[in-house]
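Undergrad: Structure file coords-v8.cif (mmCIF, C-alpha atoms) right here:
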data_protein
loop_
_atom_site.group_PDB
_atom_site.id
_atom_site.type_symbol
_atom_site.label_atom_id
_atom_site.label_comp_id
_atom_site.auth_asym_id
_atom_site.auth_seq_id
_atom_site.Cartn_x
_atom_site.Cartn_y
_atom_site.Cartn_z
ATOM 1 C CA MET W 562 -166.131 16.772 -43.422
ATOM 2 C CA LYS W 563 -163.535 14.486 -45.076
ATOM 3 C CA ILE W 564 -164.535 12.840 -48.311
ATOM 4 C CA GLN W 565 -161.780 10.838 -50.064
ATOM 5 C CA LYS W 566 -158.192 11.366 -51.062
ATOM 6 C CA PHE W 567 -157.679 12.664 -54.579
ATOM 7 C CA THR W 568 -154.389 12.627 -56.472
ATOM 8 C CA ALA W 569 -154.890 15.674 -58.594
ATOM 9 C CA CYS W 570 -156.637 18.974 -58.547
ATOM 10 C CA LEU W 571 -159.997 18.503 -60.199
ATOM 11 C CA ILE W 572 -162.065 21.367 -61.376
ATOM 12 C CA VAL W 573 -165.541 20.628 -62.543
ATOM 13 C CA SER W 574 -167.542 23.584 -63.652
ATOM 14 C CA ALA W 575 -170.571 24.603 -65.594
ATOM 15 C CA ILE W 576 -172.243 21.211 -65.630
ATOM 16 C CA ALA W 577 -175.813 21.666 -66.760
ATOM 17 C CA PHE W 578 -178.503 19.081 -66.262
ATOM 18 C CA SER W 579 -181.887 19.030 -67.944
ATOM 19 C CA PHE W 580 -184.518 16.553 -66.939
ATOM 20 C CA ALA W 581 -187.823 16.239 -68.717
ATOM 21 C CA ALA W 582 -189.526 14.612 -65.765
ATOM 22 C CA CYS W 583 -188.073 16.804 -62.965
ATOM 23 C CA SER W 584 -189.704 19.488 -60.859
ATOM 24 C CA LYS W 585 -189.857 22.955 -62.326
ATOM 25 C CA LYS W 586 -186.705 24.072 -60.560
ATOM 26 C CA GLU W 587 -183.838 24.341 -63.014
ATOM 27 C CA VAL W 588 -180.215 23.640 -62.260
ATOM 28 C CA ARG W 589 -178.080 26.190 -64.075
ATOM 29 C CA ALA W 590 -174.618 25.348 -62.753
ATOM 30 C CA VAL W 591 -172.750 23.113 -60.388
ATOM 31 C CA SER W 592 -169.261 24.090 -59.310
ATOM 32 C CA PHE W 593 -166.839 22.794 -56.722
ATOM 33 C CA ILE W 594 -163.107 22.525 -56.224
ATOM 34 C CA VAL W 595 -161.160 19.557 -54.958
ATOM 35 C CA ASP W 596 -157.788 20.455 -53.524
ATOM 36 C CA ALA W 597 -155.403 17.503 -53.837
ATOM 37 C CA SER W 598 -152.982 18.962 -51.283
ATOM 38 C CA ALA W 599 -155.672 19.111 -48.642
ATOM 39 C CA ASN W 600 -156.814 15.563 -49.401
ATOM 40 C CA ASN W 601 -160.315 16.531 -48.410
ATOM 41 C CA ILE W 602 -163.214 18.762 -49.177
ATOM 42 C CA SER W 603 -164.260 20.969 -46.310
ATOM 43 C CA SER W 604 -167.782 21.969 -45.626
ATOM 44 C CA GLU W 605 -166.670 25.500 -46.336
ATOM 45 C CA SER W 606 -165.667 24.636 -49.942
ATOM 46 C CA PRO W 607 -167.770 26.149 -52.700
ATOM 47 C CA VAL W 608 -170.827 24.037 -53.209
ATOM 48 C CA ILE W 609 -173.795 23.746 -55.524
ATOM 49 C CA THR W 610 -175.088 27.146 -56.394
ATOM 50 C CA GLU W 611 -178.711 26.121 -56.764
ATOM 51 C CA GLU W 612 -180.918 23.344 -55.582
ATOM 52 C CA ILE W 613 -180.755 20.116 -57.629
ATOM 53 C CA PRO W 614 -184.183 18.833 -58.588
ATOM 54 C CA VAL W 615 -185.217 15.315 -57.757
ATOM 55 C CA LEU W 616 -186.010 12.914 -60.571
ATOM 56 C CA THR W 617 -189.448 11.391 -60.768
ATOM 57 C CA GLU W 618 -189.845 7.643 -60.973
ATOM 58 C CA GLU W 619 -189.772 7.468 -64.766
ATOM 59 C CA PRO W 620 -186.272 7.553 -66.330
ATOM 60 C CA VAL W 621 -185.419 10.288 -68.737
ATOM 61 C CA VAL W 622 -185.051 9.138 -72.350
ATOM 62 C CA VAL W 623 -182.519 11.163 -74.263
ATOM 63 C CA GLU W 624 -183.001 11.030 -78.013
ATOM 64 C CA ILE W 625 -180.058 12.002 -80.182
ATOM 65 C CA LEU W 626 -181.185 13.315 -83.502
ATOM 66 C CA ALA W 627 -178.726 12.878 -86.359
ATOM 67 C CA ASP W 628 -178.828 13.128 -90.108
ATOM 68 C CA ALA W 629 -178.454 9.385 -90.742
ATOM 69 C CA LYS W 630 -179.592 9.056 -94.336
ATOM 70 C CA PRO W 631 -178.790 5.645 -95.872
ATOM 71 C CA ASP W 632 -175.878 5.538 -98.301
ATOM 72 C CA PRO W 633 -177.510 5.555 -101.761
ATOM 73 C CA GLU W 634 -174.834 3.287 -103.238
ATOM 74 C CA ILE W 635 -175.312 0.659 -100.533
ATOM 75 C CA THR W 636 -179.047 0.875 -101.120
ATOM 76 C CA LYS W 637 -178.402 0.403 -104.841
ATOM 77 C CA TYR W 638 -176.136 -2.566 -104.135
ATOM 78 C CA ASN W 639 -178.844 -4.272 -102.080
ATOM 79 C CA GLN W 640 -181.500 -3.586 -104.707
ATOM 80 C CA VAL W 641 -179.345 -5.033 -107.505
ATOM 81 C CA LEU W 642 -178.410 -8.074 -105.451
ATOM 82 C CA GLU W 643 -182.051 -8.713 -104.657
ATOM 83 C CA LYS W 644 -182.857 -8.921 -108.393
ATOM 84 C CA MET W 645 -180.262 -11.605 -109.060
ATOM 85 C CA THR W 646 -181.187 -15.275 -109.493
ATOM 86 C CA ALA W 647 -181.088 -17.874 -106.754
ATOM 87 C CA GLN W 648 -178.079 -19.512 -108.420
ATOM 88 C CA PHE W 649 -176.303 -16.176 -108.515
ATOM 89 C CA LYS W 650 -176.928 -15.595 -104.829
ATOM 90 C CA ALA W 651 -175.713 -19.086 -103.985
ATOM 91 C CA ASP W 652 -172.416 -18.472 -105.780
ATOM 92 C CA PHE W 653 -171.909 -14.830 -104.864
ATOM 93 C CA ASN W 654 -169.129 -14.428 -102.300
ATOM 94 C CA LYS W 655 -170.909 -12.216 -99.797
ATOM 95 C CA ASP W 656 -169.535 -13.796 -96.613
ATOM 96 C CA GLY W 657 -167.535 -11.192 -94.761
ATOM 97 C CA ILE W 658 -167.853 -8.812 -97.683
ATOM 98 C CA ALA W 659 -167.267 -5.136 -97.017
ATOM 99 C CA ILE W 660 -169.896 -3.555 -99.227
ATOM 100 C CA SER W 661 -168.011 -0.279 -99.458
ATOM 101 C CA GLU W 662 -164.912 -2.158 -100.641
ATOM 102 C CA PHE W 663 -166.953 -4.090 -103.203
ATOM 103 C CA ILE W 664 -168.445 -0.881 -104.572
ATOM 104 C CA SER W 665 -165.015 0.746 -104.710
ATOM 105 C CA GLU W 666 -163.636 -2.173 -106.722
ATOM 106 C CA LEU W 667 -166.696 -2.128 -108.975
ATOM 107 C CA LYS W 668 -166.038 1.527 -109.731
ATOM 108 C CA ASP W 669 -162.436 0.681 -110.621
ATOM 109 C CA VAL W 670 -163.720 -1.989 -113.014
ATOM 110 C CA LEU W 671 -166.117 0.450 -114.688
ATOM 111 C CA LYS W 672 -163.409 3.100 -114.913
ATOM 112 C CA GLU W 673 -161.024 0.684 -116.611
ATOM 113 C CA ASP W 674 -163.776 -0.404 -118.972
ATOM 114 C CA ASP W 675 -164.461 3.209 -119.976
ATOM 115 C CA GLU W 676 -160.769 3.805 -120.577
ATOM 116 C CA ILE W 677 -160.073 0.748 -122.714
ATOM 117 C CA SER W 678 -163.344 0.442 -124.608
ATOM 118 C CA SER W 679 -161.989 3.110 -126.963
ATOM 119 C CA GLY W 680 -165.308 4.673 -127.914
ATOM 120 C CA ASP W 681 -166.863 1.308 -128.806
ATOM 121 C CA ILE W 682 -169.425 -0.619 -126.777
ATOM 122 C CA SER W 683 -168.443 -1.759 -123.305
ATOM 123 C CA LEU W 684 -166.189 -4.777 -122.966
ATOM 124 C CA LEU W 685 -168.713 -5.860 -120.328
ATOM 125 C CA TYR W 686 -171.673 -5.672 -122.705
ATOM 126 C CA LEU W 687 -174.271 -8.256 -121.677
ATOM 127 C CA ILE W 688 -174.982 -10.540 -124.605
ATOM 128 C CA ASP W 689 -176.644 -13.930 -124.262
ATOM 129 C CA LYS W 690 -179.760 -15.765 -125.343
ATOM 130 C CA THR W 691 -182.022 -12.982 -124.040
ATOM 131 C CA HIS W 692 -179.762 -9.932 -124.483
ATOM 132 C CA LYS W 693 -178.937 -9.243 -128.108
ATOM 133 C CA ILE W 694 -176.966 -6.867 -130.258
ATOM 134 C CA GLY W 695 -178.138 -5.438 -133.586
ATOM 135 C CA LYS W 696 -177.376 -7.142 -136.862
ATOM 136 C CA ASN W 697 -175.577 -4.045 -138.125
ATOM 137 C CA TYR W 698 -173.137 -3.831 -135.242
ATOM 138 C CA GLU W 699 -169.495 -4.250 -136.177
ATOM 139 C CA PRO W 700 -166.621 -3.402 -133.820
ATOM 140 C CA LYS W 701 -164.650 -0.276 -134.648
ATOM 141 C CA GLY W 702 -161.225 -0.636 -136.219
ATOM 142 C CA LEU W 703 -161.108 -4.409 -136.435
ATOM 143 C CA VAL W 704 -157.519 -5.635 -136.569
ATOM 144 C CA LYS W 705 -156.773 -8.515 -138.912
ATOM 145 C CA LEU W 706 -154.621 -11.182 -137.315
ATOM 146 C CA VAL W 707 -151.619 -12.153 -139.384
ATOM 147 C CA LYS W 708 -148.870 -14.725 -139.036
ATOM 148 C CA ASN W 709 -146.495 -13.774 -136.225
ATOM 149 C CA ASN W 710 -143.999 -15.142 -133.712
ATOM 150 C CA ASP W 711 -146.272 -14.801 -130.684
ATOM 151 C CA TYR W 712 -149.142 -17.184 -131.491
ATOM 152 C CA ILE W 713 -150.478 -19.404 -134.266
ATOM 153 C CA ILE W 714 -153.460 -18.468 -136.418
ATOM 154 C CA ASN W 715 -155.409 -21.369 -137.866
ATOM 155 C CA LYS W 716 -157.318 -19.323 -140.441
ATOM 156 C CA ASN W 717 -156.574 -16.326 -142.635
ATOM 157 C CA ASN W 718 -159.768 -14.363 -141.979
ATOM 158 C CA LEU W 719 -159.424 -13.732 -138.235
ATOM 159 C CA SER W 720 -159.829 -10.284 -136.645
ATOM 160 C CA LEU W 721 -160.377 -8.668 -133.234
ATOM 161 C CA ARG W 722 -161.110 -5.319 -131.680
ATOM 162 C CA PRO W 723 -157.812 -3.444 -131.233
ATOM 163 C CA VAL W 724 -157.865 -3.703 -127.432
ATOM 164 C CA ALA W 725 -158.420 -7.478 -127.608
ATOM 165 C CA ALA W 726 -155.751 -7.926 -130.279
ATOM 166 C CA ASP W 727 -153.219 -6.109 -128.082
ATOM 167 C CA ALA W 728 -154.209 -8.142 -125.028
ATOM 168 C CA LEU W 729 -153.881 -11.374 -127.004
ATOM 169 C CA ARG W 730 -150.348 -10.471 -128.069
ATOM 170 C CA VAL W 731 -149.269 -9.680 -124.496
ATOM 171 C CA MET W 732 -150.799 -12.909 -123.183
ATOM 172 C CA ALA W 733 -149.296 -15.007 -125.971
ATOM 173 C CA GLN W 734 -145.845 -13.581 -125.274
ATOM 174 C CA ALA W 735 -146.204 -14.547 -121.609
ATOM 175 C CA ALA W 736 -147.258 -18.064 -122.616
ATOM 176 C CA LYS W 737 -144.239 -18.309 -124.919
ATOM 177 C CA LYS W 738 -141.941 -17.552 -122.007
ATOM 178 C CA ASP W 739 -143.501 -20.549 -120.249
ATOM 179 C CA GLY W 740 -142.894 -22.723 -123.283
ATOM 180 C CA VAL W 741 -146.521 -22.694 -124.480
ATOM 181 C CA THR W 742 -147.721 -21.504 -127.875
ATOM 182 C CA LEU W 743 -151.343 -20.368 -128.120
ATOM 183 C CA ASP W 744 -153.241 -21.146 -131.306
ATOM 184 C CA VAL W 745 -156.187 -19.009 -132.383
ATOM 185 C CA SER W 746 -158.975 -20.681 -134.361
ATOM 186 C CA SER W 747 -161.987 -18.325 -134.334
ATOM 187 C CA THR W 748 -162.479 -14.645 -133.501
ATOM 188 C CA TYR W 749 -164.892 -11.970 -134.783
ATOM 189 C CA ARG W 750 -167.998 -13.156 -136.595
ATOM 190 C CA SER W 751 -170.532 -10.950 -138.308
ATOM 191 C CA TYR W 752 -174.252 -11.277 -137.677
ATOM 192 C CA GLN W 753 -174.703 -12.977 -141.035
ATOM 193 C CA TYR W 754 -171.802 -15.368 -140.507
ATOM 194 C CA GLN W 755 -173.286 -16.399 -137.145
ATOM 195 C CA ASN W 756 -176.685 -16.890 -138.755
ATOM 196 C CA ASP W 757 -175.202 -19.259 -141.327
ATOM 197 C CA LEU W 758 -173.197 -21.093 -138.665
ATOM 198 C CA PHE W 759 -176.198 -21.604 -136.408
ATOM 199 C CA ASN W 760 -178.273 -22.940 -139.288
ATOM 200 C CA TYR W 761 -175.458 -25.319 -140.181
ATOM 201 C CA TRP W 762 -175.431 -26.824 -136.693
ATOM 202 C CA VAL W 763 -179.219 -27.122 -136.750
ATOM 203 C CA SER W 764 -178.914 -29.149 -139.945
ATOM 204 C CA VAL W 765 -176.234 -31.357 -138.397
ATOM 205 C CA ASP W 766 -177.435 -31.860 -134.816
ATOM 206 C CA GLY W 767 -181.028 -30.646 -134.762
ATOM 207 C CA LEU W 768 -182.403 -27.495 -133.158
ATOM 208 C CA GLU W 769 -182.307 -28.625 -129.524
ATOM 209 C CA GLU W 770 -178.644 -29.592 -129.603
ATOM 210 C CA ALA W 771 -177.699 -26.596 -131.740
ATOM 211 C CA GLU W 772 -179.149 -24.283 -129.079
ATOM 212 C CA ARG W 773 -176.680 -25.747 -126.569
ATOM 213 C CA GLU W 774 -173.573 -25.427 -128.711
ATOM 214 C CA SER W 775 -174.096 -22.477 -131.045
ATOM 215 C CA ALA W 776 -175.469 -18.971 -130.563
ATOM 216 C CA ARG W 777 -178.268 -17.549 -132.641
ATOM 217 C CA PRO W 778 -177.312 -14.452 -134.654
ATOM 218 C CA GLY W 779 -177.202 -11.332 -132.490
ATOM 219 C CA THR W 780 -176.478 -13.315 -129.322
ATOM 220 C CA SER W 781 -172.873 -14.379 -129.938
ATOM 221 C CA GLN W 782 -169.901 -12.953 -128.056
ATOM 222 C CA HIS W 783 -167.937 -13.373 -131.260
ATOM 223 C CA GLN W 784 -169.865 -10.500 -132.857
ATOM 224 C CA LEU W 785 -168.383 -8.229 -130.171
ATOM 225 C CA GLY W 786 -164.899 -8.869 -131.550
ATOM 226 C CA VAL W 787 -163.452 -9.746 -128.130
ATOM 227 C CA ALA W 788 -163.961 -13.526 -127.989
ATOM 228 C CA ILE W 789 -161.552 -16.210 -129.145
ATOM 229 C CA ASP W 790 -161.905 -19.940 -129.688
ATOM 230 C CA PHE W 791 -158.530 -21.550 -129.120
ATOM 231 C CA GLY W 792 -157.045 -24.793 -130.355
ATOM 232 C CA SER W 793 -159.190 -27.579 -131.716
ATOM 233 C CA ILE W 794 -162.498 -26.027 -130.583
ATOM 234 C CA SER W 795 -163.310 -29.301 -128.864
ATOM 235 C CA ASP W 796 -163.244 -30.840 -125.396
ATOM 236 C CA ALA W 797 -159.776 -32.151 -126.201
ATOM 237 C CA TYR W 798 -158.425 -28.620 -125.694
ATOM 238 C CA ASP W 799 -158.987 -29.078 -121.970
ATOM 239 C CA LYS W 800 -156.033 -31.453 -121.689
ATOM 240 C CA THR W 801 -153.563 -29.565 -123.888
ATOM 241 C CA GLU W 802 -150.679 -27.473 -122.557
ATOM 242 C CA SER W 803 -152.310 -24.425 -124.082
ATOM 243 C CA GLY W 804 -155.634 -25.137 -122.394
ATOM 244 C CA GLN W 805 -154.066 -25.758 -118.993
ATOM 245 C CA TRP W 806 -151.993 -22.595 -119.275
ATOM 246 C CA MET W 807 -155.067 -20.546 -120.169
ATOM 247 C CA TYR W 808 -157.018 -21.840 -117.166
ATOM 248 C CA LYS W 809 -154.213 -20.820 -114.834
ATOM 249 C CA HIS W 810 -153.120 -17.519 -116.341
ATOM 250 C CA ALA W 811 -155.730 -16.043 -118.718
ATOM 251 C CA SER W 812 -157.338 -13.858 -116.035
ATOM 252 C CA GLU W 813 -153.963 -12.219 -115.320
ATOM 253 C CA TYR W 814 -154.193 -10.695 -118.791
ATOM 254 C CA GLY W 815 -157.904 -9.843 -118.707
ATOM 255 C CA TRP W 816 -159.313 -12.974 -120.391
ATOM 256 C CA SER W 817 -162.183 -14.994 -118.973
ATOM 257 C CA LEU W 818 -163.645 -18.431 -119.742
ATOM 258 C CA SER W 819 -167.177 -17.688 -120.918
ATOM 259 C CA PHE W 820 -168.914 -21.035 -120.553
ATOM 260 C CA PRO W 821 -167.546 -23.000 -117.574
ATOM 261 C CA LYS W 822 -168.412 -26.574 -116.749
ATOM 262 C CA GLY W 823 -171.574 -27.054 -114.704
ATOM 263 C CA TYR W 824 -173.170 -23.707 -115.608
ATOM 264 C CA GLU W 825 -175.183 -24.487 -118.730
ATOM 265 C CA LYS W 826 -178.406 -23.413 -117.028
ATOM 266 C CA VAL W 827 -176.754 -20.069 -116.236
ATOM 267 C CA THR W 828 -174.984 -19.326 -119.531
ATOM 268 C CA GLY W 829 -177.343 -21.167 -121.889
ATOM 269 C CA PHE W 830 -174.461 -23.082 -123.440
ATOM 270 C CA LYS W 831 -172.681 -26.276 -122.587
ATOM 271 C CA TRP W 832 -169.090 -26.214 -121.381
ATOM 272 C CA GLU W 833 -166.673 -24.695 -123.878
ATOM 273 C CA CYS W 834 -163.139 -25.087 -122.561
ATOM 274 C CA TRP W 835 -161.759 -23.235 -125.597
ATOM 275 C CA HIS W 836 -163.875 -20.058 -125.573
ATOM 276 C CA PHE W 837 -162.399 -17.003 -123.815
ATOM 277 C CA ARG W 838 -163.589 -13.397 -123.792
ATOM 278 C CA TYR W 839 -161.489 -10.327 -123.128
ATOM 279 C CA ILE W 840 -163.035 -8.238 -120.329
ATOM 280 C CA GLY W 841 -160.015 -6.376 -118.873
ATOM 281 C CA LYS W 842 -157.662 -7.171 -115.993
ATOM 282 C CA LYS W 843 -159.642 -5.492 -113.236
ATOM 283 C CA ALA W 844 -162.894 -7.112 -114.349
ATOM 284 C CA ALA W 845 -161.257 -10.545 -114.511
ATOM 285 C CA ALA W 846 -159.893 -10.138 -110.965
ATOM 286 C CA PHE W 847 -163.254 -8.779 -109.746
ATOM 287 C CA GLN W 848 -165.048 -11.762 -111.275
ATOM 288 C CA LYS W 849 -162.686 -14.195 -109.617
ATOM 289 C CA LYS W 850 -162.930 -12.554 -106.195
ATOM 290 C CA TYR W 851 -166.676 -12.116 -105.867
ATOM 291 C CA PHE W 852 -168.532 -14.133 -108.517
ATOM 292 C CA ASN W 853 -167.040 -17.608 -108.181
ATOM 293 C CA ASN W 854 -165.143 -16.811 -111.384
ATOM 294 C CA VAL W 855 -168.346 -17.063 -113.429
ATOM 295 C CA GLN W 856 -168.302 -14.421 -116.146
ATOM 296 C CA GLN W 857 -172.071 -14.480 -116.689
ATOM 297 C CA PHE W 858 -172.747 -13.583 -113.053
ATOM 298 C CA MET W 859 -170.296 -10.706 -113.033
ATOM 299 C CA ILE W 860 -171.543 -9.196 -116.281
ATOM 300 C CA GLU W 861 -175.185 -9.589 -115.222
ATOM 301 C CA PHE W 862 -174.440 -7.703 -112.011
ATOM 302 C CA VAL W 863 -172.567 -4.941 -113.844
ATOM 303 C CA ASP W 864 -175.424 -4.591 -116.335
ATOM 304 C CA ALA W 865 -178.009 -4.403 -113.554
ATOM 305 C CA TRP W 866 -175.870 -1.856 -111.681
ATOM 306 C CA LYS W 867 -175.578 0.370 -114.738
ATOM 307 C CA ASN W 868 -179.316 0.238 -115.349
ATOM 308 C CA ALA W 869 -180.427 0.645 -111.729
ATOM 309 C CA GLU W 870 -182.207 3.879 -110.889
#
Using C-alpha cells, write down the structure that the file contains.

TA:
Amino acid sequence: MKIQKFTACLIVSAIAFSFAACSKKEVRAVSFIVDASANNISSESPVITEEIPVLTEEPVVVEILADAKPDPEITKYNQVLEKMTAQFKADFNKDGIAISEFISELKDVLKEDDEISSGDISLLYLIDKTHKIGKNYEPKGLVKLVKNNDYIINKNNLSLRPVAADALRVMAQAAKKDGVTLDVSSTYRSYQYQNDLFNYWVSVDGLEEAERESARPGTSQHQLGVAIDFGSISDAYDKTESGQWMYKHASEYGWSLSFPKGYEKVTGFKWECWHFRYIGKKAAAFQKKYFNNVQQFMIEFVDAWKNAE
C-alpha cells in the first residue's frame, strides 16, 4: 500500500495520547518507520502496537497549570498610579510605556538619591503645602557660598547642602563656557526665617496672595538647602540669558524648575521662573521622560512608591 513520498527517514516513537473523554482502552505507544529510500510504507511495516481509542463528541480541554503569580512590583506600580490625581494621570507619559523599564529607571533614581543624599534627608523629600518638615530641621554641613569666579552671589548669607553646592559649581562652570554667568539670590532658609518672610508678604499683599507666592514655614523647599532663587527673583528672569540657559540645560546637571507655568493648582504656587531645586541627574531625566517635566508629579510618585505596602 503506497502512501506518499518522503524525503528523509522519519522515526516517530513513543507518542502517548491521553484523552479524558475516550473509551477505557489506553494507548501506550505508537511506533512506525518511514523509509525514504523505499518512498512508501508497506503494509508489512511496523504499525500501531495497540488499538487507538475513538474520541467522543466533546473535545478534550487541556489545562496547563503554571505558577503565574503576578509580579509584585508591577502590582505596586499599578496601585501607586491609581492613587495619583486626575491631573497627574493626564500628564503621565504612559503611552507605550514598558512598566519593567520604568521600574528599573525608578530604582536607578532611588539608588542615586541614596548615594548622594550623604546621610541627610532624601533629595526627593516631598515638601509642599500639605507635606511639611519640622521647625528644627537644618541640613547637615551647610556650605556658605562665597565670592568666586564661577557664579555671582547677590547676598553674603547664602548657603546650601554640600551636594547642591557642588552641583551648582559644576553647572555654573558649564554656563560660563557658553558665555552665561549665573547669579544666585536666595538659598537655604531656616524655619524662622521663612516664618518672618511669609508674614511680611501677608502684610504687603494680603493672605490670599501671599499663599500663592510664599510658602508657610515648614513647607518651603528652601529649608531643605537644595533650592535656589536665581537672578532678580521676578518674572523678568524668564527673558534673561541666564534664565533661558537654565531652562535648556539645568536638568543636565540635576536641577529642576519647581513651579512651572500653568501648574499652580498642582504645586500650590504661581509660576516662579527663577526657582530651581537640585534633585540629581537621574531624577531630572526621569522627571522629563515620564512626568511631563513636572517636578511635583515625579516627587509625589516617588513618595507614594516609598510608602506603598

Undergrad: Exactly which residues make up the result of the PyMOL selection byres ((chain W and resi 857) around 8) on this file, given as a list in words?

TA: Ser819, Val827, Thr828, Val855, Gln856, Phe858, Met859, Ile860 and Glu861 of chain W

Undergrad: Given the file shown, determine the residues that the PyMOL selection byres ((chain W and resi 635) around 12) selects; report them as JSON, numbers by chain.

TA: {"W": [630, 631, 632, 633, 634, 636, 637, 638, 639, 640, 641, 642, 659, 660, 661, 662, 663, 664, 665, 866]}

Undergrad: Run through the PyMOL selection byres ((chain W and resi 670) around 9) on the given coordinates and return the selected residues as a ChimeraX atom specification.

TA: /W:665-669,671-675,841-844,847

Undergrad: Using only C-alpha atoms, please write the residues we just selected to a file, as a tab-separated table (two decimals), keeping the file's coordinate frame.

TA:
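Full text of out17.tsv as output:
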chain	number	residue	atom	x	y	z
W	665	SER	CA	-165.02	0.75	-104.71
W	666	GLU	CA	-163.64	-2.17	-106.72
W	667	LEU	CA	-166.70	-2.13	-108.98
W	668	LYS	CA	-166.04	1.53	-109.73
W	669	ASP	CA	-162.44	0.68	-110.62
W	671	LEU	CA	-166.12	0.45	-114.69
W	672	LYS	CA	-163.41	3.10	-114.91
W	673	GLU	CA	-161.02	0.68	-116.61
W	674	ASP	CA	-163.78	-0.40	-118.97
W	675	ASP	CA	-164.46	3.21	-119.98
W	841	GLY	CA	-160.01	-6.38	-118.87
W	842	LYS	CA	-157.66	-7.17	-115.99
W	843	LYS	CA	-159.64	-5.49	-113.24
W	844	ALA	CA	-162.89	-7.11	-114.35
W	847	PHE	CA	-163.25	-8.78	-109.75

Undergrad: Please measure the separation of CA of Phe649 in chain W and CA of Val787 in chain W, giving the value in Å to one decimal.

TA: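 That distance, rounded to one decimal, is 24.3 Å.
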
Undergrad: Rank W:Tyr814, W:Tyr698, W:Tyr808, W:Phe759 by their smallest atom-to-atom distance to Asp727 in chain W, using only C-alpha atoms, and report the top residue only.

TA: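 Between W:Tyr814, W:Tyr698, W:Tyr808, W:Phe759, the residue approaching Asp727 in chain W most closely is W:Tyr814.
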
Undergrad: Output as AutoDock Vina command-line options the centre and edge lengths (Å, one decimal) of the box along x, y and z of the file that holds every listed atom of range 714-728 of chain W after adding 5 Å on each side.

TA:
--center_x -157.2 --center_y -12.4 --center_z -133.8 --size_x 17.9 --size_y 27.9 --size_z 27.6

Undergrad: Closest to Trp832 in chain W among W:Ile794, W:Met732, W:Ala725, W:Ala811, using all atoms listed in the file?

TA: W:Ile794

Undergrad: For a test of reading the model, state the distance in Å between CA of Ala735 in chain W and CA of Arg722 in chain W, rounded to one decimal.

TA: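 These two atoms are separated by 20.2 Å.
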
Undergrad: Using Å and a single decimal, report how far CA of Leu721 in chain W sits from CA of Thr748 in chain W.

TA: 6.3 Å

Undergrad: Which polymer residues have any atom within 8 Å of an atom of Leu743 in chain W, counting only C-alpha atoms, with same-chain residues fewer than 5 positions away left out, as a list in words?

TA: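 Counting only the stated atoms, we get Asp711, Tyr712, Ile713, Ala733, Ala736, Phe791, Gly792 and Ser803 of chain W.
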
Undergrad: Between W:Leu729, W:Val863, W:Ile688, W:Leu706, which has the minimum distance to Ser812 in chain W (counting only C-alpha atoms)?

TA: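 Ranked by minimum distance to Ser812 in chain W, first place goes to W:Leu729.
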
Undergrad: Compare W:Leu768, W:Val724, W:Ala788, W:Leu818 by their minimum atom-to-atom distance to Tyr749 in chain W, counting all atoms listed in the file, and give me the closest one.

TA: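 Selected residue with least distance to Tyr749 in chain W: W:Ala788.
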
Undergrad: Between W:Gly786, W:Pro778, W:Gly680, W:Gly657, which residue has the minimum interatomic distance to Asn760 in chain W, considering only C-alpha atoms?

TA: W:Pro778

Undergrad: Which residue, W:Tyr752, W:Tyr686, W:Tyr798, W:Phe653, has the smallest gap to Asn854 in chain W when you use only C-alpha atoms?

TA: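 Among W:Tyr752, W:Tyr686, W:Tyr798, W:Phe653, it is W:Phe653 that comes nearest to Asn854 in chain W.
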
Undergrad: Near range 699-705 of chain W, counting all atoms listed in the file, which residues have an atom at most 8 Å away, once you skip same-chain residues fewer than 6 positions from it, shown as an MDAnalysis selection string?

TA: chainID W and resid 681 718:723 726 751 784:786
